[in-house]
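K.L.:
Structure supplied as my_file_5.cif; contents: mmCIF, C-alpha atoms.
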```
data_query
#
loop_
_atom_site.label_atom_id
_atom_site.label_comp_id
_atom_site.auth_asym_id
_atom_site.auth_seq_id
_atom_site.Cartn_x
_atom_site.Cartn_y
_atom_site.Cartn_z
CA MET A 5 20.85 10.94 -88.50
CA SER A 6 23.19 8.16 -87.42
CA SER A 7 23.30 5.21 -89.83
CA VAL A 8 25.21 1.96 -90.22
CA THR A 9 25.96 0.25 -93.54
CA GLY A 10 27.50 -3.12 -94.33
CA PRO A 11 26.83 -6.71 -93.19
CA GLY A 12 25.60 -5.65 -89.74
CA ALA A 13 23.24 -2.94 -90.96
CA ALA A 14 20.10 -5.07 -90.46
CA ALA A 15 20.97 -5.49 -86.77
CA SER A 16 22.08 -1.92 -86.19
CA GLY A 17 19.05 -0.96 -84.12
CA PRO A 18 16.94 2.21 -84.25
CA ARG A 19 18.01 5.27 -86.18
CA LEU A 20 18.93 7.95 -83.69
CA PRO A 21 19.84 11.62 -84.05
CA ASP A 22 23.56 12.37 -84.25
CA PHE A 23 25.00 12.90 -80.78
CA PRO A 24 24.58 16.69 -80.51
CA TRP A 25 27.65 17.51 -78.46
CA ASP A 26 29.97 16.20 -81.18
CA SER A 27 28.94 19.14 -83.39
CA LEU A 28 30.44 21.59 -80.87
CA ALA A 29 34.00 20.34 -81.51
CA PRO A 30 35.16 23.21 -83.81
CA HIS A 31 33.72 25.84 -81.49
CA LYS A 32 35.39 24.17 -78.52
CA ALA A 33 38.70 24.35 -80.40
CA THR A 34 38.16 28.08 -80.96
CA ALA A 35 37.36 28.64 -77.29
CA ASN A 36 40.37 26.58 -76.20
CA ALA A 37 42.63 28.92 -78.17
CA HIS A 38 41.71 31.92 -76.01
CA PRO A 39 44.80 33.28 -74.19
CA ASP A 40 43.10 32.81 -70.82
CA GLY A 41 41.75 29.37 -71.70
CA ILE A 42 38.25 28.06 -72.26
CA VAL A 43 35.25 28.74 -70.05
CA ASP A 44 33.09 25.71 -70.77
CA LEU A 45 29.46 26.52 -70.03
CA SER A 46 28.03 23.98 -72.44
CA VAL A 47 27.40 20.52 -70.99
CA GLY A 48 26.59 21.53 -67.42
CA THR A 49 28.77 19.00 -65.64
CA PRO A 50 29.45 19.67 -61.93
CA VAL A 51 32.92 21.05 -61.14
CA ASP A 52 32.88 21.19 -57.35
CA PRO A 53 34.25 18.26 -55.30
CA VAL A 54 32.04 15.46 -54.05
CA PRO A 55 31.34 16.31 -50.38
CA ALA A 56 33.72 14.51 -48.04
CA LYS A 57 31.00 12.67 -46.12
CA LEU A 58 29.70 11.22 -49.38
CA GLN A 59 33.20 10.09 -50.35
CA ASP A 60 33.53 8.47 -46.92
CA ALA A 61 30.23 6.66 -47.38
CA LEU A 62 31.35 5.33 -50.77
CA ALA A 63 34.54 3.95 -49.27
CA ALA A 64 32.82 2.50 -46.20
CA VAL A 65 31.48 -0.51 -48.11
CA ALA A 66 34.29 -0.86 -50.63
CA GLU A 67 35.10 -4.33 -49.27
CA VAL A 68 31.57 -5.73 -49.73
CA PRO A 69 31.90 -8.45 -52.42
CA GLY A 70 28.35 -9.52 -53.18
CA TYR A 71 25.88 -8.39 -55.83
CA PRO A 72 23.92 -5.29 -54.82
CA ALA A 73 20.13 -5.27 -54.62
CA THR A 74 18.37 -3.81 -57.66
CA HIS A 75 15.81 -2.29 -55.31
CA GLY A 76 18.56 -0.64 -53.28
CA THR A 77 19.17 -1.08 -49.59
CA PRO A 78 16.25 -0.53 -47.19
CA ALA A 79 18.25 2.35 -45.69
CA LEU A 80 18.52 4.08 -49.07
CA ARG A 81 14.80 3.79 -49.76
CA GLU A 82 13.87 5.02 -46.29
CA ALA A 83 16.32 7.93 -46.61
CA ALA A 84 14.75 8.83 -49.97
CA VAL A 85 11.23 8.94 -48.53
CA GLU A 86 12.36 11.15 -45.66
CA SER A 87 14.43 13.41 -47.92
CA LEU A 88 11.59 13.98 -50.38
CA ARG A 89 9.26 14.80 -47.49
CA ARG A 90 11.74 17.09 -45.76
CA ARG A 91 13.05 18.94 -48.81
CA TYR A 92 10.03 19.06 -51.10
CA GLY A 93 6.94 18.39 -48.99
CA ILE A 94 6.15 15.07 -50.72
CA THR A 95 4.06 12.93 -48.38
CA GLY A 96 2.49 9.50 -48.55
CA LEU A 97 5.38 7.67 -50.19
CA GLU A 98 6.37 4.19 -49.05
CA PRO A 99 9.99 2.93 -49.24
CA ASP A 100 8.94 0.10 -51.56
CA ALA A 101 7.93 2.74 -54.13
CA VAL A 102 11.51 4.03 -54.40
CA LEU A 103 13.87 2.56 -57.00
CA PRO A 104 17.50 3.71 -57.41
CA THR A 105 18.70 4.22 -60.98
CA ILE A 106 22.09 4.46 -62.67
CA GLY A 107 21.81 8.23 -62.90
CA SER A 108 18.66 9.74 -64.38
CA LYS A 109 19.71 9.63 -68.06
CA GLU A 110 19.67 5.82 -68.10
CA LEU A 111 16.13 5.79 -66.75
CA VAL A 112 14.98 8.48 -69.18
CA ALA A 113 16.44 6.62 -72.18
CA TRP A 114 15.00 3.22 -71.31
CA LEU A 115 11.69 4.11 -69.65
CA PRO A 116 9.58 3.93 -72.85
CA THR A 117 10.97 0.47 -73.62
CA LEU A 118 10.45 -0.73 -70.04
CA LEU A 119 6.87 0.54 -70.17
CA GLY A 120 6.15 -1.40 -73.36
CA VAL A 121 5.79 1.73 -75.50
CA GLY A 122 6.43 0.89 -79.15
CA PRO A 123 5.59 1.49 -82.80
CA GLY A 124 2.34 3.38 -83.29
CA ASP A 125 2.50 4.92 -79.81
CA LEU A 126 3.13 8.57 -79.02
CA VAL A 127 5.57 9.96 -76.48
CA ALA A 128 4.76 13.59 -75.69
CA ILE A 129 7.62 15.87 -74.63
CA PRO A 130 8.00 19.63 -74.10
CA ASP A 131 8.68 21.70 -77.22
CA LEU A 132 12.11 22.50 -75.75
CA ALA A 133 13.41 19.44 -73.97
CA TYR A 134 16.31 17.35 -72.77
CA PRO A 135 17.31 15.41 -75.93
CA THR A 136 17.16 11.99 -74.25
CA TYR A 137 13.35 12.15 -74.03
CA GLU A 138 13.26 11.92 -77.82
CA VAL A 139 16.07 9.36 -77.94
CA GLY A 140 14.25 7.09 -75.49
CA ALA A 141 11.12 7.20 -77.63
CA LYS A 142 13.10 6.36 -80.77
CA ILE A 143 14.87 3.44 -79.06
CA ALA A 144 11.40 2.06 -78.34
CA GLY A 145 10.24 2.70 -81.92
CA ALA A 146 7.60 5.22 -80.84
CA GLU A 147 6.74 8.59 -82.35
CA VAL A 148 7.48 11.90 -80.63
CA VAL A 149 5.14 14.87 -80.38
CA ARG A 150 6.39 18.19 -78.99
CA LEU A 151 3.95 20.20 -76.88
CA ALA A 152 3.92 23.99 -76.68
CA PRO A 153 3.64 25.43 -73.15
CA GLY A 154 0.19 24.61 -71.81
CA GLU A 155 -0.69 22.28 -74.70
CA LEU A 156 -2.30 19.02 -73.61
CA PRO A 157 -1.09 15.63 -74.91
CA PRO A 158 -2.97 14.32 -77.96
CA ALA A 159 -4.95 11.10 -78.25
CA GLY A 160 -2.68 8.09 -78.58
CA THR A 161 -0.12 9.34 -76.08
CA ARG A 162 1.31 6.49 -74.01
CA LEU A 163 3.94 8.48 -72.12
CA LEU A 164 4.03 12.17 -71.21
CA TRP A 165 7.27 13.77 -70.07
CA LEU A 166 7.07 16.80 -67.79
CA ASN A 167 10.15 18.78 -66.77
CA SER A 168 9.99 21.52 -64.16
CA PRO A 169 12.32 23.29 -63.67
CA SER A 170 12.98 22.91 -67.37
CA ASN A 171 16.20 21.93 -69.03
CA PRO A 172 17.07 24.06 -71.02
CA THR A 173 14.81 27.05 -70.30
CA GLY A 174 14.59 27.07 -66.51
CA ARG A 175 10.81 27.54 -66.77
CA VAL A 176 8.83 26.48 -63.70
CA LEU A 177 5.34 24.98 -63.94
CA THR A 178 2.86 25.87 -61.22
CA ALA A 179 1.02 23.20 -59.25
CA ASP A 180 -2.13 24.02 -61.25
CA GLU A 181 -0.29 23.62 -64.57
CA LEU A 182 1.21 20.32 -63.48
CA GLY A 183 -2.15 19.03 -62.27
CA ARG A 184 -3.87 19.94 -65.53
CA MET A 185 -1.27 18.08 -67.60
CA VAL A 186 -1.27 15.03 -65.32
CA ARG A 187 -5.05 14.67 -65.28
CA ALA A 188 -5.27 15.01 -69.08
CA ALA A 189 -2.71 12.22 -69.50
CA GLN A 190 -4.33 10.00 -66.88
CA ASP A 191 -7.73 10.40 -68.55
CA MET A 192 -6.33 8.68 -71.65
CA GLY A 193 -4.39 6.05 -69.70
CA ALA A 194 -0.94 7.50 -70.35
CA VAL A 195 1.96 7.25 -67.92
CA VAL A 196 3.30 10.61 -66.71
CA ALA A 197 7.03 10.89 -65.95
CA SER A 198 8.15 14.11 -64.30
CA ASP A 199 11.86 14.93 -64.58
CA GLU A 200 12.63 16.81 -61.37
CA CYS A 201 16.42 16.86 -61.47
CA TYR A 202 16.60 20.62 -60.79
CA LEU A 203 13.95 20.82 -58.08
CA ALA A 204 16.43 22.07 -55.46
CA LEU A 205 17.48 25.05 -57.58
CA GLY A 206 14.64 27.55 -57.57
CA TRP A 207 15.73 31.21 -57.85
CA ASP A 208 12.86 33.48 -58.88
CA ALA A 209 10.16 30.82 -58.45
CA GLU A 210 9.60 27.89 -56.11
CA PRO A 211 9.44 24.61 -58.07
CA VAL A 212 7.02 21.95 -56.91
CA SER A 213 7.12 18.19 -57.42
CA VAL A 214 4.39 16.50 -59.41
CA LEU A 215 3.92 14.34 -56.29
CA HIS A 216 3.27 17.34 -54.00
CA PRO A 217 -0.22 17.43 -52.47
CA SER A 218 -0.88 20.86 -54.01
CA VAL A 219 -0.85 19.31 -57.49
CA GLY A 220 -3.92 17.34 -56.52
CA ALA A 221 -3.25 14.40 -58.82
CA ALA A 222 -3.75 10.72 -58.12
CA ARG A 223 -0.53 8.73 -58.29
CA ASP A 224 -1.82 6.07 -60.67
CA GLY A 225 0.63 5.95 -63.58
CA LEU A 226 2.65 8.83 -62.13
CA LEU A 227 6.44 8.79 -61.76
CA ALA A 228 8.93 11.37 -60.49
CA VAL A 229 12.57 11.12 -61.58
CA HIS A 230 15.31 12.56 -59.38
CA SER A 231 19.06 12.92 -59.78
CA LEU A 232 21.87 13.56 -57.32
CA SER A 233 24.23 14.80 -60.05
CA LYS A 234 23.51 18.49 -59.51
CA SER A 235 22.40 18.82 -55.90
CA SER A 236 25.13 16.53 -54.51
CA ASN A 237 27.83 16.67 -57.24
CA LEU A 238 27.41 12.94 -57.88
CA ALA A 239 27.39 13.04 -61.69
CA GLY A 240 30.44 10.78 -61.77
CA TYR A 241 28.78 8.29 -59.42
CA ARG A 242 25.69 7.87 -61.68
CA ALA A 243 23.13 8.25 -58.93
CA GLY A 244 19.41 8.82 -59.31
CA LEU A 245 16.03 7.42 -58.33
CA VAL A 246 12.46 7.08 -59.51
CA THR A 247 9.37 7.00 -57.31
CA GLY A 248 5.61 7.46 -57.44
CA ASP A 249 2.98 4.88 -58.38
CA PRO A 250 3.95 1.77 -56.33
CA VAL A 251 2.47 -0.61 -58.91
CA LEU A 252 4.44 0.97 -61.73
CA VAL A 253 7.64 1.09 -59.65
CA ALA A 254 7.22 -2.61 -58.83
CA ARG A 255 6.91 -3.41 -62.53
CA LEU A 256 10.04 -1.40 -63.33
CA LEU A 257 11.87 -3.19 -60.52
CA GLU A 258 10.92 -6.60 -61.95
CA LEU A 259 12.17 -5.67 -65.43
CA ARG A 260 15.37 -4.06 -64.13
CA LYS A 261 16.19 -7.20 -62.12
CA HIS A 262 16.10 -9.24 -65.31
CA ALA A 263 18.13 -6.63 -67.24
CA GLY A 264 20.84 -6.16 -64.61
CA MET A 265 20.15 -2.43 -64.21
CA ILE A 266 21.68 -2.18 -60.73
CA VAL A 267 23.27 0.73 -58.89
CA ALA A 268 26.67 -0.26 -57.50
CA ARG A 269 26.67 -0.98 -53.75
CA PRO A 270 29.23 1.73 -52.82
CA VAL A 271 27.18 4.25 -54.81
CA GLN A 272 24.05 3.19 -52.94
CA GLU A 273 25.83 4.00 -49.70
CA ALA A 274 26.88 7.43 -50.98
CA VAL A 275 23.31 8.11 -52.14
CA THR A 276 21.99 7.19 -48.70
CA ALA A 277 24.41 9.62 -47.06
CA ALA A 278 23.48 12.35 -49.54
CA LEU A 279 19.76 11.91 -48.93
CA ARG A 280 20.22 12.10 -45.17
CA ASP A 281 22.20 15.35 -45.26
CA ASP A 282 20.71 18.68 -46.35
CA GLU A 283 23.69 20.85 -45.43
CA HIS A 284 25.80 20.00 -48.48
CA VAL A 285 22.79 20.64 -50.74
CA ALA A 286 22.39 24.12 -49.25
CA VAL A 287 26.12 24.82 -49.66
CA GLN A 288 26.03 23.79 -53.32
CA ARG A 289 22.94 25.87 -53.94
CA GLU A 290 24.70 28.96 -52.60
CA LEU A 291 27.66 28.35 -54.89
CA TYR A 292 25.37 28.28 -57.92
CA ALA A 293 23.45 31.32 -56.69
CA ALA A 294 26.69 33.30 -56.43
CA ARG A 295 27.79 32.26 -59.91
CA ARG A 296 24.40 33.16 -61.32
CA ALA A 297 24.64 36.59 -59.70
CA VAL A 298 27.91 37.21 -61.58
CA LEU A 299 27.06 35.66 -64.94
CA ARG A 300 23.53 36.89 -65.57
CA PRO A 301 24.22 40.65 -65.36
CA ALA A 302 27.40 40.20 -67.40
CA LEU A 303 25.41 38.57 -70.20
CA GLU A 304 22.70 41.21 -70.06
CA SER A 305 25.26 44.01 -70.16
CA ALA A 306 26.78 42.38 -73.25
CA GLY A 307 23.44 42.55 -75.07
CA PHE A 308 21.86 39.21 -74.21
CA THR A 309 18.22 38.81 -73.20
CA ILE A 310 17.64 36.14 -70.56
CA GLU A 311 14.28 34.41 -70.84
CA HIS A 312 12.62 32.23 -68.17
CA SER A 313 15.63 30.89 -66.20
CA GLU A 314 13.78 31.31 -62.91
CA ALA A 315 15.22 27.99 -61.72
CA GLY A 316 17.81 25.38 -62.61
CA LEU A 317 21.43 25.52 -63.68
CA TYR A 318 21.14 27.38 -66.98
CA LEU A 319 20.51 30.82 -68.45
CA TRP A 320 18.30 30.62 -71.54
CA SER A 321 19.81 33.44 -73.56
CA THR A 322 19.40 35.14 -76.90
CA ARG A 323 21.05 37.89 -78.94
CA GLY A 324 18.19 37.84 -81.45
CA GLU A 325 20.17 35.86 -84.02
CA ASP A 326 20.74 32.29 -85.14
CA ALA A 327 21.86 30.11 -82.22
CA TRP A 328 25.00 28.93 -83.98
CA ALA A 329 26.03 32.53 -84.69
CA THR A 330 25.82 33.18 -80.95
CA VAL A 331 27.83 30.02 -80.20
CA GLU A 332 30.51 31.29 -82.58
CA TRP A 333 30.46 34.81 -81.06
CA LEU A 334 30.96 33.37 -77.58
CA SER A 335 33.65 30.90 -78.68
CA GLN A 336 35.72 33.77 -80.07
CA ARG A 337 35.76 35.08 -76.51
CA GLY A 338 36.76 31.69 -75.13
CA ILE A 339 33.26 30.81 -73.87
CA LEU A 340 31.53 27.60 -74.96
CA ALA A 341 27.72 27.38 -74.83
CA ALA A 342 25.12 24.97 -76.18
CA PRO A 343 22.92 26.03 -79.11
CA GLY A 344 19.20 25.94 -78.40
CA THR A 345 18.71 23.69 -81.42
CA PHE A 346 19.99 20.79 -79.30
CA TYR A 347 16.69 20.97 -77.41
CA GLY A 348 14.21 21.41 -80.23
CA PRO A 349 13.43 23.50 -83.31
CA ASP A 350 12.01 26.32 -81.19
CA GLY A 351 15.47 26.90 -79.72
CA SER A 352 16.95 28.13 -82.99
CA ARG A 353 17.64 31.65 -81.68
CA HIS A 354 18.78 30.83 -78.16
CA VAL A 355 21.77 29.35 -76.38
CA ARG A 356 21.85 27.48 -73.09
CA ILE A 357 24.56 28.85 -70.83
CA ALA A 358 25.41 26.71 -67.79
CA MET A 359 26.46 28.00 -64.40
CA THR A 360 28.56 24.89 -63.84
CA ALA A 361 32.05 26.34 -63.82
CA THR A 362 34.36 27.34 -60.99
CA ASP A 363 34.12 30.79 -59.44
CA GLU A 364 37.34 31.73 -61.23
CA ARG A 365 36.06 30.61 -64.65
CA ILE A 366 32.70 32.37 -64.16
CA ALA A 367 34.54 35.55 -63.20
CA SER A 368 36.73 35.19 -66.28
CA ALA A 369 33.69 34.84 -68.52
CA ALA A 370 32.09 37.92 -66.96
CA LYS A 371 35.30 39.89 -67.45
CA ARG A 372 35.48 38.94 -71.13
CA LEU A 373 31.85 39.92 -71.65
CA GLY A 374 32.44 43.18 -69.79
CA ALA A 375 35.57 43.98 -71.80
CA ASP A 376 33.56 43.53 -74.97
CA ARG A 377 30.96 45.99 -73.69
CA ALA A 378 33.67 48.49 -72.75
CA VAL A 379 35.01 48.41 -76.30
CA LEU A 380 31.53 49.04 -77.68
CA THR A 381 31.04 51.96 -75.29
CA ARG A 382 34.33 53.60 -76.26
CA THR A 383 33.66 53.28 -80.00
CA ALA A 384 30.02 54.37 -79.92
CA PRO A 385 29.35 57.66 -81.78
#
```
Transcribe the structure of this file into structure tokens.
P.N.:
Amino acid sequence: MSSVTGPGAAASGPRLPDFPWDSLAPHKATANAHPDGIVDLSVGTPVDPVPAKLQDALAAVAEVPGYPATHGTPALREAAVESLRRRYGITGLEPDAVLPTIGSKELVAWLPTLLGVGPGDLVAIPDLAYPTYEVGAKIAGAEVVRLAPGELPPAGTRLLWLNSPSNPTGRVLTADELGRMVRAAQDMGAVVASDECYLALGWDAEPVSVLHPSVGAARDGLLAVHSLSKSSNLAGYRAGLVTGDPVLVARLLELRKHAGMIVARPVQEAVTAALRDDEHVAVQRELYAARRAVLRPALESAGFTIEHSEAGLYLWSTRGEDAWATVEWLSQRGILAAPGTFYGPDGSRHVRIAMTATDERIASAAKRLGADRAVLTRTAP
């Protein structure tokens, strides 16, 4: 755990877990030493260029000097409503119930605090989950409970996080599963926040938004969180949004105005352009599909078992050994992956392998994995 000692210790804030990615440093050094260079499949950061029309939109308002609106421009909010309807079948949203965020991680980390969750409250998260769900709860002083697949939130839960498609596993929840979880949380007065950052990337299953009519849930206390980092390559722009219950969104807007949590005006323009255009999303999806088609069979041929992974940007993989042993095995071949322990205790025998590398780097990783298999084949008795 992170800790601070000395005169400022009393004002050091909540005790948080050590930042997990720092622990990968020695394995990254090993992978960097590979003769053909590192293939970094750990963090999952986009590597393809920001689409030109989004760059143009960013530049189009570069001369605007005033403060941007915390609520975003009317054009952005209207584009969001239309995009969510067009792409994901979400109906019945009003533009006022859309709120742009500074990427999705910022919203995830601060949502418990903004909702007034605090000591003595429970934040329920998936058993394998994006680490910032837990961090956000700890910032607020709340307790975290991890839920096994299908497990309902316990009494005392103030906030329930859902994540479909899942990071890290790629598991997709059906509309019935989502509805069951939402109704259980609503019955006890808990807010439900659904992280839907990978909704555009279904492969072997079709993900559905918690706001889709098929889920059959009332929108009271219900939020959906979206990101443009993956679908539009806007990770560097910090571009996301939250929508759902208009009363709850209005409360978040009020608090964010006071706190100065505002998306930069040029970024708002780029977000608007991204939401209006589906072509670049389809192009990016095909790039990831092609990389997945190369990487998955290469891993399986090298002895990995891929579990879930029916959607999203990652392959949830195991060699039936400790996660860190697999990280080391891959790093010796110049490939960097994330140990499943980053996402919860139940990930101790898995690694998360991202598809976010160039075609050339993905091909290089597949070649290295294939070469290893060829050696095993030649030396087998």
K.L.:
Rank nothing, just name the residue among A:Leu303, A:Ala254, A:Ala243, A:Leu58 nearest to Val267 in chain A, using only C-alpha atoms.
P.N.:
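The closest residue to Val267 in chain A is A:Ala243.
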K.L.:
Can you list what the PyMOL selection byres ((chain A and resi 357) around 8) grabs from this structure, as number ranges by chain?
P.N.:
A: 45-46, 318-321, 341-342, 355-356, 358-359
K.L.:
For the selection just defined, write its residues with C-alpha atoms to a file, as a compact mmCIF listing (two decimals), in the frame of the given file.
P.N.:
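Generated file (again.txt):
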```txt
# COMPACT_ATOMS: atom_id res chain seq x y z
CA LEU A 45 29.46 26.52 -70.03
CA SER A 46 28.03 23.98 -72.44
CA TYR A 318 21.14 27.38 -66.98
CA LEU A 319 20.51 30.82 -68.45
CA TRP A 320 18.30 30.62 -71.54
CA SER A 321 19.81 33.44 -73.56
CA ALA A 341 27.72 27.38 -74.83
CA ALA A 342 25.12 24.97 -76.18
CA VAL A 355 21.77 29.35 -76.38
CA ARG A 356 21.85 27.48 -73.09
CA ALA A 358 25.41 26.71 -67.79
CA MET A 359 26.46 28.00 -64.40
```
K.L.:
Which residues of range 245-349 of chain A sit at most 8 Å from range 193-214 of chain A, using only C-alpha atoms? Give each one's shortest atom pair and distance in Å (one decimal place), in chain and ascending residue order, as CSV.
P.N.:
```
residue,atom,partner,partner_atom,distance
A:Arg289,CA,A:Leu205,CA,6.6
A:Ala293,CA,A:Trp207,CA,7.8
A:Glu314,CA,A:Asp208,CA,4.7
A:Ala315,CA,A:Gly206,CA,4.2
A:Gly316,CA,A:Leu205,CA,5.1
A:Leu317,CA,A:Leu205,CA,7.3
```
K.L.:
For the PyMOL selection byres ((chain A and resi 39) around 12), applied here, can you spell out every residue it catches as a ChimeraX atom specification?
P.N.:
/A:34-38,40-43,336-339,368,372
K.L.:
Of the residues A:Val287, A:Val54, A:Val149, A:Val275, which is the one nearest to Asn237 in chain A, using all atoms listed in the file?
P.N.:
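The closest residue to Asn237 in chain A is A:Val54.
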K.L.:
So the first atom is CA of Leu215 in chain A and the second is CA of Ala84 in chain A; what is the distance between them in Å, to one decimal place?
P.N.:
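The value is 13.7 Å.
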K.L.:
Could you tell me how far CA of Pro18 in chain A lies from CA of Ala128 in chain A, in Å and to one decimal?
P.N.:
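Result for CA of Pro18 in chain A versus CA of Ala128 in chain A: 18.7 Å, one decimal.
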K.L.:
Could you check the closest approach to Gly220 in chain A for each of A:Ile129, A:Val112, A:Ile94, A:Ala63 and tell me which residue wins, using only C-alpha atoms?
P.N.:
A:Ile94
K.L.:
One decimal, in Å: what's the spacing between CA of Thr362 in chain A and CA of Pro55 in chain A?
P.N.:
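Between CA of Thr362 in chain A and CA of Pro55 in chain A the gap is 15.6 Å.
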K.L.:
What do you get, as a VMD selection string, if you spell out every residue that the PyMOL selection byres ((chain A and resi 167) around 8) selects here?
P.N.:
chain A and resid 130 133 165 to 166 168 to 171 198 to 200
K.L.:
Could you check the closest approach to Val229 in chain A for each of A:Ala302, A:Leu256, A:Leu245, A:Val148 and tell me which residue wins, using all atoms listed in the file?
P.N.:
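Under the stated criterion, the closest residue is A:Leu245.
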K.L.:
List as a short mmCIF file (atom, residue, chain, number, x, y, z; two decimals) with C-alpha atoms, in the coordinates of the input: which residues have an atom within 10 Å of (-0.3, 17.2, -68.8), counting only C-alpha atoms?
P.N.:
```
data_model
loop_
_atom_site.label_atom_id
_atom_site.label_comp_id
_atom_site.auth_asym_id
_atom_site.auth_seq_id
_atom_site.Cartn_x
_atom_site.Cartn_y
_atom_site.Cartn_z
CA ALA A 128 4.76 13.59 -75.69
CA ILE A 129 7.62 15.87 -74.63
CA LEU A 151 3.95 20.20 -76.88
CA GLY A 154 0.19 24.61 -71.81
CA GLU A 155 -0.69 22.28 -74.70
CA LEU A 156 -2.30 19.02 -73.61
CA PRO A 157 -1.09 15.63 -74.91
CA PRO A 158 -2.97 14.32 -77.96
CA LEU A 164 4.03 12.17 -71.21
CA TRP A 165 7.27 13.77 -70.07
CA LEU A 166 7.07 16.80 -67.79
CA GLU A 181 -0.29 23.62 -64.57
CA LEU A 182 1.21 20.32 -63.48
CA GLY A 183 -2.15 19.03 -62.27
CA ARG A 184 -3.87 19.94 -65.53
CA MET A 185 -1.27 18.08 -67.60
CA VAL A 186 -1.27 15.03 -65.32
CA ARG A 187 -5.05 14.67 -65.28
CA ALA A 188 -5.27 15.01 -69.08
CA ALA A 189 -2.71 12.22 -69.50
CA GLN A 190 -4.33 10.00 -66.88
CA ALA A 194 -0.94 7.50 -70.35
CA VAL A 196 3.30 10.61 -66.71
#
```
K.L.:
Choose the residue, out of A:Glu364, A:Asp224, A:Asp100, A:Asp125, that has the smallest atom-to-atom separation from Leu252 in chain A; count all atoms listed in the file.
P.N.:
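Looking at the shortest contact to Leu252 in chain A, the residue is A:Asp224.
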K.L.:
Write out as a short mmCIF file (atom, residue, chain, number, x, y, z; two decimals) with C-alpha atoms, in the coordinates of the input the residues lying within 12 Å of Gly107 in chain A, counting all atoms listed in the file and excluding same-chain residues fewer than 5 positions away.
P.N.:
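Generated output (result08.cif):
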```cif
data_model
loop_
_atom_site.label_atom_id
_atom_site.label_comp_id
_atom_site.auth_asym_id
_atom_site.auth_seq_id
_atom_site.Cartn_x
_atom_site.Cartn_y
_atom_site.Cartn_z
CA VAL A 112 14.98 8.48 -69.18
CA ALA A 113 16.44 6.62 -72.18
CA TRP A 114 15.00 3.22 -71.31
CA CYS A 201 16.42 16.86 -61.47
CA VAL A 229 12.57 11.12 -61.58
CA HIS A 230 15.31 12.56 -59.38
CA SER A 231 19.06 12.92 -59.78
CA LEU A 232 21.87 13.56 -57.32
CA SER A 233 24.23 14.80 -60.05
CA LYS A 234 23.51 18.49 -59.51
CA ASN A 237 27.83 16.67 -57.24
CA LEU A 238 27.41 12.94 -57.88
CA ALA A 239 27.39 13.04 -61.69
CA GLY A 240 30.44 10.78 -61.77
CA TYR A 241 28.78 8.29 -59.42
CA ARG A 242 25.69 7.87 -61.68
CA ALA A 243 23.13 8.25 -58.93
CA GLY A 244 19.41 8.82 -59.31
CA LEU A 245 16.03 7.42 -58.33
CA VAL A 246 12.46 7.08 -59.51
CA MET A 265 20.15 -2.43 -64.21
CA ILE A 266 21.68 -2.18 -60.73
CA VAL A 267 23.27 0.73 -58.89
CA ALA A 268 26.67 -0.26 -57.50
CA VAL A 271 27.18 4.25 -54.81
CA GLN A 272 24.05 3.19 -52.94
CA VAL A 275 23.31 8.11 -52.14
#
```
K.L.:
Which of these, A:Ile366, A:Lys371, A:Glu147, A:Pro172, has the shortest distance to Tyr292 in chain A once you count only C-alpha atoms?
P.N.:
A:Ile366
K.L.:
Env of Thr95 in chain A: 8 Å cut, atoms = all atoms listed in the file, seq-sep filter 5 positions within chain, self excluded. Answer as an mmCIF file with C-alpha atoms, in the coordinates of the input.
P.N.:
```cif
data_model
loop_
_atom_site.group_PDB
_atom_site.id
_atom_site.type_symbol
_atom_site.label_atom_id
_atom_site.label_comp_id
_atom_site.auth_asym_id
_atom_site.auth_seq_id
_atom_site.Cartn_x
_atom_site.Cartn_y
_atom_site.Cartn_z
ATOM 1 C CA LEU A 88 11.590 13.980 -50.380
ATOM 2 C CA ARG A 89 9.260 14.800 -47.490
ATOM 3 C CA HIS A 216 3.270 17.340 -54.000
ATOM 4 C CA PRO A 217 -0.220 17.430 -52.470
#
```
K.L.:
Could you write range 25-30 of chain A as an mmCIF file, in the coordinates of the input, with N, CA, C and O atoms rebuilt where they are missing?
P.N.:
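Generated file (rebuild.cif):
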```
data_model
loop_
_atom_site.group_PDB
_atom_site.id
_atom_site.type_symbol
_atom_site.label_atom_id
_atom_site.label_comp_id
_atom_site.auth_asym_id
_atom_site.auth_seq_id
_atom_site.Cartn_x
_atom_site.Cartn_y
_atom_site.Cartn_z
ATOM 1 N N TRP A 25 26.463 16.842 -78.992
ATOM 2 C CA TRP A 25 27.650 17.510 -78.460
ATOM 3 C C TRP A 25 28.859 17.379 -79.379
ATOM 4 O O TRP A 25 29.765 18.209 -79.333
ATOM 5 N N ASP A 26 28.851 16.342 -80.249
ATOM 6 C CA ASP A 26 29.970 16.200 -81.180
ATOM 7 C C ASP A 26 30.075 17.399 -82.125
ATOM 8 O O ASP A 26 31.165 17.753 -82.579
ATOM 9 N N SER A 27 28.940 18.022 -82.439
ATOM 10 C CA SER A 27 28.940 19.140 -83.390
ATOM 11 C C SER A 27 29.562 20.407 -82.801
ATOM 12 O O SER A 27 29.827 21.367 -83.531
ATOM 13 N N LEU A 28 29.814 20.419 -81.500
ATOM 14 C CA LEU A 28 30.440 21.590 -80.870
ATOM 15 C C LEU A 28 31.959 21.578 -80.981
ATOM 16 O O LEU A 28 32.611 22.548 -80.591
ATOM 17 N N ALA A 29 32.538 20.496 -81.511
ATOM 18 C CA ALA A 29 34.000 20.340 -81.510
ATOM 19 C C ALA A 29 34.750 21.542 -82.096
ATOM 20 O O ALA A 29 35.705 22.036 -81.479
ATOM 21 N N PRO A 30 34.398 22.077 -83.277
ATOM 22 C CA PRO A 30 35.160 23.210 -83.810
ATOM 23 C C PRO A 30 35.041 24.460 -82.949
ATOM 24 O O PRO A 30 36.003 25.233 -82.828
#
```
